[in-house]
$ cat entry.pdb   # PDB, C-alpha atoms
ATOM      1  CA  MET Q   1      59.057  62.864 -43.558
ATOM      2  CA  ASN Q   2      61.052  59.686 -44.108
ATOM      3  CA  LYS Q   3      62.164  59.796 -40.496
ATOM      4  CA  ILE Q   4      58.564  60.004 -39.296
ATOM      5  CA  VAL Q   5      57.539  57.030 -41.458
ATOM      6  CA  SER Q   6      60.533  55.032 -40.303
ATOM      7  CA  LYS Q   7      59.780  55.818 -36.697
ATOM      8  CA  SER Q   8      56.128  54.815 -37.086
ATOM      9  CA  PHE Q   9      57.125  51.590 -38.797
ATOM     10  CA  TYR Q  10      59.530  50.869 -35.959
ATOM     11  CA  TYR Q  11      56.806  51.218 -33.316
ATOM     12  CA  ILE Q  12      54.412  49.026 -35.307
ATOM     13  CA  PHE Q  13      57.125  46.407 -35.702
ATOM     14  CA  GLN Q  14      57.806  46.429 -31.950
ATOM     15  CA  CYS Q  15      54.112  46.043 -31.183
ATOM     16  CA  LEU Q  16      53.926  43.028 -33.492
ATOM     17  CA  ILE Q  17      56.923  41.429 -31.777
ATOM     18  CA  ILE Q  18      55.432  41.990 -28.305
ATOM     19  CA  PHE Q  19      52.099  40.597 -29.483
ATOM     20  CA  CYS Q  20      53.783  37.490 -30.879
ATOM     21  CA  LEU Q  21      55.701  36.936 -27.653
ATOM     22  CA  LEU Q  22      52.593  37.302 -25.517
ATOM     23  CA  TYR Q  23      50.642  34.999 -27.808
ATOM     24  CA  GLY Q  24      53.401  32.392 -27.655
ATOM     25  CA  GLN Q  25      53.445  32.464 -23.862
ATOM     26  CA  ALA Q  26      49.705  32.112 -23.783
ATOM     27  CA  VAL Q  27      49.887  29.050 -26.018
ATOM     28  CA  VAL Q  28      52.530  27.466 -23.781
ATOM     29  CA  LEU Q  29      50.551  28.159 -20.616
ATOM     30  CA  TYR Q  30      47.405  26.737 -22.169
ATOM     31  CA  ALA Q  31      49.257  23.596 -23.211
ATOM     32  CA  GLN Q  32      50.589  23.123 -19.662
ATOM     33  CA  THR Q  33      47.229  23.663 -18.005
ATOM     34  CA  PRO Q  34      45.594  20.319 -17.061
ATOM     35  CA  GLU Q  35      42.434  19.613 -18.955
ATOM     36  CA  THR Q  36      39.332  20.492 -16.972
ATOM     37  CA  PRO Q  37      37.104  17.459 -16.667
ATOM     38  CA  ASN Q  38      33.712  17.646 -18.260
ATOM     39  CA  ILE Q  39      31.553  18.010 -15.161
ATOM     40  CA  PRO Q  40      28.046  16.870 -15.918
ATOM     41  CA  GLN Q  41      25.046  18.936 -14.961
ATOM     42  CA  GLN Q  42      23.232  18.188 -11.727
ATOM     43  CA  GLU Q  43      20.504  16.222 -13.450
ATOM     44  CA  ASP Q  44      23.195  14.008 -15.012
ATOM     45  CA  VAL Q  45      24.947  13.389 -11.681
ATOM     46  CA  LEU Q  46      21.751  12.285  -9.992
ATOM     47  CA  PRO Q  47      19.953   9.672 -12.065
ATOM     48  CA  ASP Q  48      16.226  10.023 -12.512
ATOM     49  CA  ALA Q  49      14.373   8.546  -9.538
ATOM     50  CA  ASP Q  50      12.339   5.432 -10.214
ATOM     51  CA  PRO Q  51       8.688   6.562  -9.931
ATOM     52  CA  LEU Q  52       7.673   3.151  -8.597
ATOM     53  CA  LYS Q  53      10.255   3.346  -5.803
ATOM     54  CA  VAL Q  54       9.177   6.880  -4.941
ATOM     55  CA  ASP Q  55       5.529   5.813  -4.848
ATOM     56  CA  ARG Q  56       6.352   2.803  -2.696
ATOM     57  CA  PHE Q  57       8.305   4.970  -0.248
ATOM     58  CA  ASN Q  58       5.450   7.473  -0.001
ATOM     59  CA  VAL Q  59       2.858   4.740   0.489
ATOM     60  CA  GLU Q  60       4.900   2.998   3.179
ATOM     61  CA  PHE Q  61       5.303   6.299   5.015
ATOM     62  CA  LEU Q  62       1.559   7.001   4.832
ATOM     63  CA  ILE Q  63       0.706   3.496   6.067
ATOM     64  CA  VAL Q  64       3.040   3.860   9.056
ATOM     65  CA  GLU Q  65       1.537   7.273   9.726
ATOM     66  CA  GLY Q  66      -1.978   5.847   9.517
ATOM     67  CA  MET Q  67      -1.139   3.010  11.912
ATOM     68  CA  HIS Q  68       0.329   5.551  14.326
ATOM     69  CA  PHE Q  69      -2.882   7.575  14.327
ATOM     70  CA  LEU Q  70      -4.886   4.400  14.946
ATOM     71  CA  SER Q  71      -2.642   3.548  17.900
ATOM     72  CA  ILE Q  72      -3.423   6.909  19.515
ATOM     73  CA  ASP Q  73      -7.144   6.543  18.768
ATOM     74  CA  ASN Q  74      -7.380   9.147  16.031
ATOM     75  CA  PRO Q  75      -9.291   7.345  13.258
ATOM     76  CA  ALA Q  76     -10.048  10.546  11.329
ATOM     77  CA  LYS Q  77      -6.371  11.310  10.732
ATOM     78  CA  ALA Q  78      -5.651   7.629  10.155
ATOM     79  CA  LEU Q  79      -8.312   7.529   7.460
ATOM     80  CA  ASP Q  80      -6.811  10.634   5.861
ATOM     81  CA  SER Q  81      -3.380   8.962   5.695
ATOM     82  CA  PHE Q  82      -4.758   5.749   4.224
ATOM     83  CA  MET Q  83      -6.832   7.688   1.699
ATOM     84  CA  LYS Q  84      -3.699   9.515   0.540
ATOM     85  CA  ALA Q  85      -1.966   6.158   0.166
ATOM     86  CA  HIS Q  86      -5.001   4.906  -1.742
ATOM     87  CA  GLN Q  87      -4.673   7.777  -4.223
ATOM     88  CA  ILE Q  88      -1.173   6.527  -5.057
ATOM     89  CA  MET Q  89      -1.956   2.795  -5.057
ATOM     90  CA  PRO Q  90      -5.734   2.370  -5.390
ATOM     91  CA  GLU Q  91      -5.506  -1.377  -6.051
ATOM     92  CA  ASN Q  92      -3.427  -2.180  -2.965
ATOM     93  CA  ALA Q  93      -5.433  -4.737  -0.968
ATOM     94  CA  ALA Q  94      -3.956  -3.880   2.434
ATOM     95  CA  ILE Q  95      -4.760  -0.185   2.043
ATOM     96  CA  ASN Q  96      -8.344  -0.924   0.999
ATOM     97  CA  TYR Q  97      -8.668  -3.284   3.974
ATOM     98  CA  LYS Q  98      -7.529  -0.660   6.494
ATOM     99  CA  ILE Q  99      -9.856   1.940   5.000
ATOM    100  CA  ALA Q 100     -12.750  -0.530   5.233
ATOM    101  CA  GLN Q 101     -11.932  -1.257   8.888
ATOM    102  CA  ILE Q 102     -12.015   2.416   9.826
ATOM    103  CA  LEU Q 103     -15.210   3.062   7.881
ATOM    104  CA  LYS Q 104     -16.893   0.036   9.487
ATOM    105  CA  ASP Q 105     -15.986   1.272  12.958
ATOM    106  CA  GLY Q 106     -17.439   4.632  11.953
ATOM    107  CA  GLU Q 107     -20.630   2.853  10.831
ATOM    108  CA  GLU Q 108     -20.186   3.921   7.219
ATOM    109  CA  ILE Q 109     -21.229   0.458   6.109
ATOM    110  CA  ASP Q 110     -21.786   0.990   2.391
ATOM    111  CA  GLN Q 111     -18.423   2.673   1.916
ATOM    112  CA  ALA Q 112     -16.749   0.027   4.062
ATOM    113  CA  LEU Q 113     -18.221  -2.712   1.868
ATOM    114  CA  PHE Q 114     -16.928  -0.978  -1.252
ATOM    115  CA  TYR Q 115     -13.331  -0.881  -0.022
ATOM    116  CA  VAL Q 116     -13.258  -4.339   1.546
ATOM    117  CA  SER Q 117     -14.640  -5.794  -1.691
ATOM    118  CA  LYS Q 118     -11.693  -4.259  -3.538
ATOM    119  CA  ALA Q 119      -9.393  -5.970  -1.037
ATOM    120  CA  THR Q 120     -11.024  -9.400  -1.394
ATOM    121  CA  ASP Q 121     -11.121  -9.087  -5.177
ATOM    122  CA  LYS Q 122      -7.377  -8.519  -5.150
ATOM    123  CA  GLU Q 123      -6.473 -11.172  -2.549
ATOM    124  CA  GLU Q 124      -9.395 -13.551  -2.190
ATOM    125  CA  SER Q 125      -7.462 -16.110  -0.130
ATOM    126  CA  ASN Q 126      -6.697 -13.622   2.657
ATOM    127  CA  TYR Q 127      -9.037 -14.699   5.454
ATOM    128  CA  PHE Q 128      -8.667 -11.397   7.311
ATOM    129  CA  TYR Q 129     -10.155  -9.588   4.335
ATOM    130  CA  GLN Q 130     -12.913 -12.169   3.869
ATOM    131  CA  ALA Q 131     -13.807 -12.108   7.568
ATOM    132  CA  LEU Q 132     -14.100  -8.319   7.586
ATOM    133  CA  LYS Q 133     -16.309  -8.485   4.507
ATOM    134  CA  ALA Q 134     -18.552 -11.043   6.234
ATOM    135  CA  GLU Q 135     -18.809  -8.810   9.318
ATOM    136  CA  ILE Q 136     -19.732  -5.803   7.186
ATOM    137  CA  LEU Q 137     -22.350  -7.803   5.297
ATOM    138  CA  THR Q 138     -23.768  -8.946   8.643
ATOM    139  CA  ASP Q 139     -23.967  -5.334   9.843
ATOM    140  CA  LYS Q 140     -25.681  -4.476   6.578
ATOM    141  CA  GLY Q 141     -28.268  -7.209   7.185
ATOM    142  CA  ASP Q 142     -27.167  -9.336   4.245
ATOM    143  CA  LEU Q 143     -26.956 -12.632   6.138
ATOM    144  CA  SER Q 144     -26.901 -14.766   3.000
ATOM    145  CA  GLY Q 145     -23.981 -12.741   1.668
ATOM    146  CA  ALA Q 146     -22.164 -13.045   4.985
ATOM    147  CA  ILE Q 147     -22.702 -16.828   5.033
ATOM    148  CA  ALA Q 148     -21.377 -17.173   1.486
ATOM    149  CA  THR Q 149     -18.342 -15.078   2.395
ATOM    150  CA  TYR Q 150     -17.497 -17.217   5.435
ATOM    151  CA  GLU Q 151     -17.877 -20.360   3.338
ATOM    152  CA  ASP Q 152     -15.552 -18.845   0.730
ATOM    153  CA  LEU Q 153     -13.126 -17.990   3.501
ATOM    154  CA  TYR Q 154     -12.678 -21.655   4.432
ATOM    155  CA  GLU Q 155     -12.747 -22.846   0.854
ATOM    156  CA  LEU Q 156     -10.058 -20.419  -0.294
ATOM    157  CA  SER Q 157      -7.773 -20.465   2.740
ATOM    158  CA  GLU Q 158      -6.249 -23.584   4.263
ATOM    159  CA  VAL Q 159      -4.929 -21.668   7.276
ATOM    160  CA  ALA Q 160      -8.119 -19.872   8.331
ATOM    161  CA  PRO Q 161      -8.706 -20.189  12.101
ATOM    162  CA  ASP Q 162     -11.681 -22.121  13.474
ATOM    163  CA  ASP Q 163     -13.138 -19.084  15.256
ATOM    164  CA  TYR Q 164     -15.139 -18.005  12.237
ATOM    165  CA  LEU Q 165     -17.066 -21.290  12.208
ATOM    166  CA  LEU Q 166     -18.947 -20.170  15.320
ATOM    167  CA  GLU Q 167     -19.965 -16.996  13.493
ATOM    168  CA  LEU Q 168     -20.999 -19.055  10.485
ATOM    169  CA  ALA Q 169     -23.156 -21.405  12.568
ATOM    170  CA  ALA Q 170     -24.851 -18.459  14.286
ATOM    171  CA  LEU Q 171     -25.584 -16.867  10.916
ATOM    172  CA  TYR Q 172     -27.201 -20.070   9.676
ATOM    173  CA  LEU Q 173     -29.457 -20.018  12.751
ATOM    174  CA  TYR Q 174     -30.400 -16.349  12.353
ATOM    175  CA  ASN Q 175     -31.051 -16.928   8.672
ATOM    176  CA  GLY Q 176     -33.500 -19.739   9.447
ATOM    177  CA  ASN Q 177     -31.338 -22.689   8.444
ATOM    178  CA  PRO Q 178     -30.865 -24.843  11.591
ATOM    179  CA  ASN Q 179     -29.762 -27.913   9.648
ATOM    180  CA  MET Q 180     -26.766 -26.086   8.194
ATOM    181  CA  ALA Q 181     -26.084 -24.671  11.646
ATOM    182  CA  LEU Q 182     -25.942 -28.234  13.011
ATOM    183  CA  LYS Q 183     -23.587 -29.292  10.241
ATOM    184  CA  THR Q 184     -21.358 -26.345  11.051
ATOM    185  CA  TYR Q 185     -21.345 -27.177  14.768
ATOM    186  CA  ASN Q 186     -20.385 -30.734  13.838
ATOM    187  CA  ARG Q 187     -17.516 -29.329  11.780
ATOM    188  CA  ILE Q 188     -16.373 -27.400  14.830
ATOM    189  CA  GLU Q 189     -16.447 -30.493  17.057
ATOM    190  CA  LYS Q 190     -14.582 -32.483  14.445
ATOM    191  CA  ARG Q 191     -11.842 -29.877  14.367
ATOM    192  CA  LEU Q 192     -11.735 -28.783  18.007
ATOM    193  CA  GLY Q 193     -13.378 -31.556  19.985
ATOM    194  CA  ILE Q 194     -16.418 -31.270  22.263
ATOM    195  CA  LEU Q 195     -17.065 -27.699  23.418
ATOM    196  CA  GLU Q 196     -19.699 -26.727  25.979
ATOM    197  CA  GLU Q 197     -20.877 -23.753  23.942
ATOM    198  CA  VAL Q 198     -21.319 -25.880  20.833
ATOM    199  CA  SER Q 199     -23.093 -28.668  22.716
ATOM    200  CA  THR Q 200     -25.523 -26.149  24.225
ATOM    201  CA  GLN Q 201     -26.368 -24.680  20.831
ATOM    202  CA  LYS Q 202     -26.913 -28.133  19.348
ATOM    203  CA  GLN Q 203     -29.283 -29.063  22.180
ATOM    204  CA  LYS Q 204     -31.319 -25.904  21.556
ATOM    205  CA  ILE Q 205     -31.673 -26.814  17.893
ATOM    206  CA  TYR Q 206     -32.671 -30.404  18.712
ATOM    207  CA  LEU Q 207     -35.270 -29.141  21.187
ATOM    208  CA  LYS Q 208     -36.853 -26.947  18.540
ATOM    209  CA  GLN Q 209     -36.848 -29.878  16.130
ATOM    210  CA  ASN Q 210     -38.031 -32.323  18.808
ATOM    211  CA  LYS Q 211     -34.897 -34.358  18.187
ATOM    212  CA  LEU Q 212     -33.185 -34.015  21.548
ATOM    213  CA  LYS Q 213     -30.738 -36.879  22.012
TER
END
$ encode --input "entry.pdb" --output "structure tokens"
Amino acid sequence: MNKIVSKSFYYIFQCLIIFCLLYGQAVVLYAQTPETPNIPQQEDVLPDADPLKVDRFNVEFLIVEGMHFLSIDNPAKALDSFMKAHQIMPENAAINYKIAQILKDGEEIDQALFYVSKATDKEESNYFYQALKAEILTDKGDLSGAIATYEDLYELSEVAPDDYLLELAALYLYNGNPNMALKTYNRIEKRLGILEEVSTQKQKIYLKQNKLK
């Protein structure tokens, strides 16, 4: 009996020694193993994208796409691209302007006026926007509104071309205001010199007023 106990104790003792040796080796190996760097998760590696930059990228892509469709005479797809851009940046004047242009060409005058008005409200000194608004108002039959818009165009922009003055003078005539038409033609001559077209229109007005010089 004593021999059996002694033998059992011997085996247990050997197992403890082997366990201690294995544990010691494991500790040494662990100590020699280089520390694994703390690799951040994917969302930490890639910083959060700036929503404004993402929006700007998307809008620029849609504008380029819209201009491409216009260049190949596909206004329906162009309008779709600009409308998508408008959903992202509804207050962008250039986007509203392009939408208004397409709608005007498609004779959707009321909608065109809505979008061009948003453009002029945002950038009132942009004579391209003001000129388009005046054209749309003319198409709509609102000659007084068109006249006021052309006058605003020259008041708000120092670099507006002289071409629109001819449109303004014609509108004054159609709206029954020949005196303002004459003043506008005089403005044209002051800026551009004597033009045959302007001189002819002035003579017609003088004839009607019995003031031919």
$ residues_around --input "entry.pdb" --residues "Q:Leu182" --least-positions-apart "4" --cutoff "10 Å" --atoms "all atoms listed in the file" --output "list in words"
Ala169, Ala170, Tyr172, Leu173, Asn177, Pro178, Asn186, Arg187, Ile188, Val198, Gln201, Lys202, Gln203, Ile205 and Tyr206 of chain Q
$ residues_near_point --input "entry.pdb" --point "(1.4, 10.0, -3.2)" --cutoff "9 Å" --atoms "all atoms listed in the file" --output "number ranges by chain"
Q: 54-56, 58-59, 62, 84-89
$ resolve_selection --input "entry.pdb" --expression "the PyMOL selection byres ((chain Q and resi 65) around 12)" --output "list in words"
Asn58, Val59, Glu60, Phe61, Leu62, Ile63, Val64, Gly66, Met67, His68, Phe69, Leu70, Ser71, Ile72, Asn74, Pro75, Lys77, Ala78, Leu79, Asp80, Ser81, Phe82, Met83, Lys84 and Ala85 of chain Q
$ write_last_selection --input "entry.pdb" --atoms "C-alpha atoms" --output "compact mmCIF listing (two decimals), in the coordinates of the input"
# COMPACT_ATOMS: atom_id res chain seq x y z
CA ASN Q 58 5.45 7.47 0.00
CA VAL Q 59 2.86 4.74 0.49
CA GLU Q 60 4.90 3.00 3.18
CA PHE Q 61 5.30 6.30 5.01
CA LEU Q 62 1.56 7.00 4.83
CA ILE Q 63 0.71 3.50 6.07
CA VAL Q 64 3.04 3.86 9.06
CA GLY Q 66 -1.98 5.85 9.52
CA MET Q 67 -1.14 3.01 11.91
CA HIS Q 68 0.33 5.55 14.33
CA PHE Q 69 -2.88 7.58 14.33
CA LEU Q 70 -4.89 4.40 14.95
CA SER Q 71 -2.64 3.55 17.90
CA ILE Q 72 -3.42 6.91 19.52
CA ASN Q 74 -7.38 9.15 16.03
CA PRO Q 75 -9.29 7.34 13.26
CA LYS Q 77 -6.37 11.31 10.73
CA ALA Q 78 -5.65 7.63 10.15
CA LEU Q 79 -8.31 7.53 7.46
CA ASP Q 80 -6.81 10.63 5.86
CA SER Q 81 -3.38 8.96 5.70
CA PHE Q 82 -4.76 5.75 4.22
CA MET Q 83 -6.83 7.69 1.70
CA LYS Q 84 -3.70 9.52 0.54
CA ALA Q 85 -1.97 6.16 0.17
$ closest_residue --input "entry.pdb" --among "Q:Thr138, Q:Ser144, Q:Thr149, Q:Asn179" --to "Q:Ser117" --atoms "only C-alpha atoms"
Q:Thr149
$ atom_distance --input "entry.pdb" --atom1 "atom CA of Q:Thr184" --atom2 "atom CA of Q:Ala160"
15.0 Å
$ residues_around --input "entry.pdb" --residues "Q:Lys98" --least-positions-apart "4" --cutoff "9 Å" --atoms "all atoms listed in the file" --output "CSV table (one decimal) with C-alpha atoms, in the coordinates of the input"
chain,number,residue,atom,x,y,z
Q,79,LEU,CA,-8.3,7.5,7.5
Q,82,PHE,CA,-4.8,5.7,4.2
Q,93,ALA,CA,-5.4,-4.7,-1.0
Q,94,ALA,CA,-4.0,-3.9,2.4
Q,102,ILE,CA,-12.0,2.4,9.8
Q,103,LEU,CA,-15.2,3.1,7.9
Q,115,TYR,CA,-13.3,-0.9,0.0
Q,116,VAL,CA,-13.3,-4.3,1.5
$ residues_near_point --input "entry.pdb" --point "(-17.6, -23.7, 1.7)" --cutoff "12 Å" --atoms "only C-alpha atoms" --output "PDB file with C-alpha atoms, in the frame of the given file"
ATOM      1  CA  ILE Q 147     -22.702 -16.828   5.033  1.00  0.00           C
ATOM      2  CA  ALA Q 148     -21.377 -17.173   1.486  1.00  0.00           C
ATOM      3  CA  THR Q 149     -18.342 -15.078   2.395  1.00  0.00           C
ATOM      4  CA  TYR Q 150     -17.497 -17.217   5.435  1.00  0.00           C
ATOM      5  CA  GLU Q 151     -17.877 -20.360   3.338  1.00  0.00           C
ATOM      6  CA  ASP Q 152     -15.552 -18.845   0.730  1.00  0.00           C
ATOM      7  CA  LEU Q 153     -13.126 -17.990   3.501  1.00  0.00           C
ATOM      8  CA  TYR Q 154     -12.678 -21.655   4.432  1.00  0.00           C
ATOM      9  CA  GLU Q 155     -12.747 -22.846   0.854  1.00  0.00           C
ATOM     10  CA  LEU Q 156     -10.058 -20.419  -0.294  1.00  0.00           C
ATOM     11  CA  SER Q 157      -7.773 -20.465   2.740  1.00  0.00           C
ATOM     12  CA  GLU Q 158      -6.249 -23.584   4.263  1.00  0.00           C
ATOM     13  CA  LEU Q 165     -17.066 -21.290  12.208  1.00  0.00           C
ATOM     14  CA  LEU Q 168     -20.999 -19.055  10.485  1.00  0.00           C
ATOM     15  CA  MET Q 180     -26.766 -26.086   8.194  1.00  0.00           C
ATOM     16  CA  LYS Q 183     -23.587 -29.292  10.241  1.00  0.00           C
ATOM     17  CA  THR Q 184     -21.358 -26.345  11.051  1.00  0.00           C
ATOM     18  CA  ARG Q 187     -17.516 -29.329  11.780  1.00  0.00           C
TER      19      ARG Q 187
END
$ atom_distance --input "entry.pdb" --atom1 "atom CA of Q:Thr120" --atom2 "atom CA of Q:Ile136"
12.7 Å
$ atom_distance --input "entry.pdb" --atom1 "atom CA of Q:Lys204" --atom2 "atom CA of Q:Leu143"
20.8 Å
$ closest_residue --input "entry.pdb" --among "Q:Glu91, Q:Glu167, Q:Asp121, Q:Asp162" --to "Q:Gly193" --atoms "only C-alpha atoms"
Q:Asp162
$ resolve_selection --input "entry.pdb" --expression "the PyMOL selection byres ((chain Q and resi 110-113) around 12)" --output "ChimeraX atom specification"
/Q:79,96-109,114-121,129-142,145-146
$ closest_residue --input "entry.pdb" --among "Q:Gly176, Q:Lys122, Q:Pro161, Q:Leu166" --to "Q:Glu189" --atoms "only C-alpha atoms"
Q:Leu166
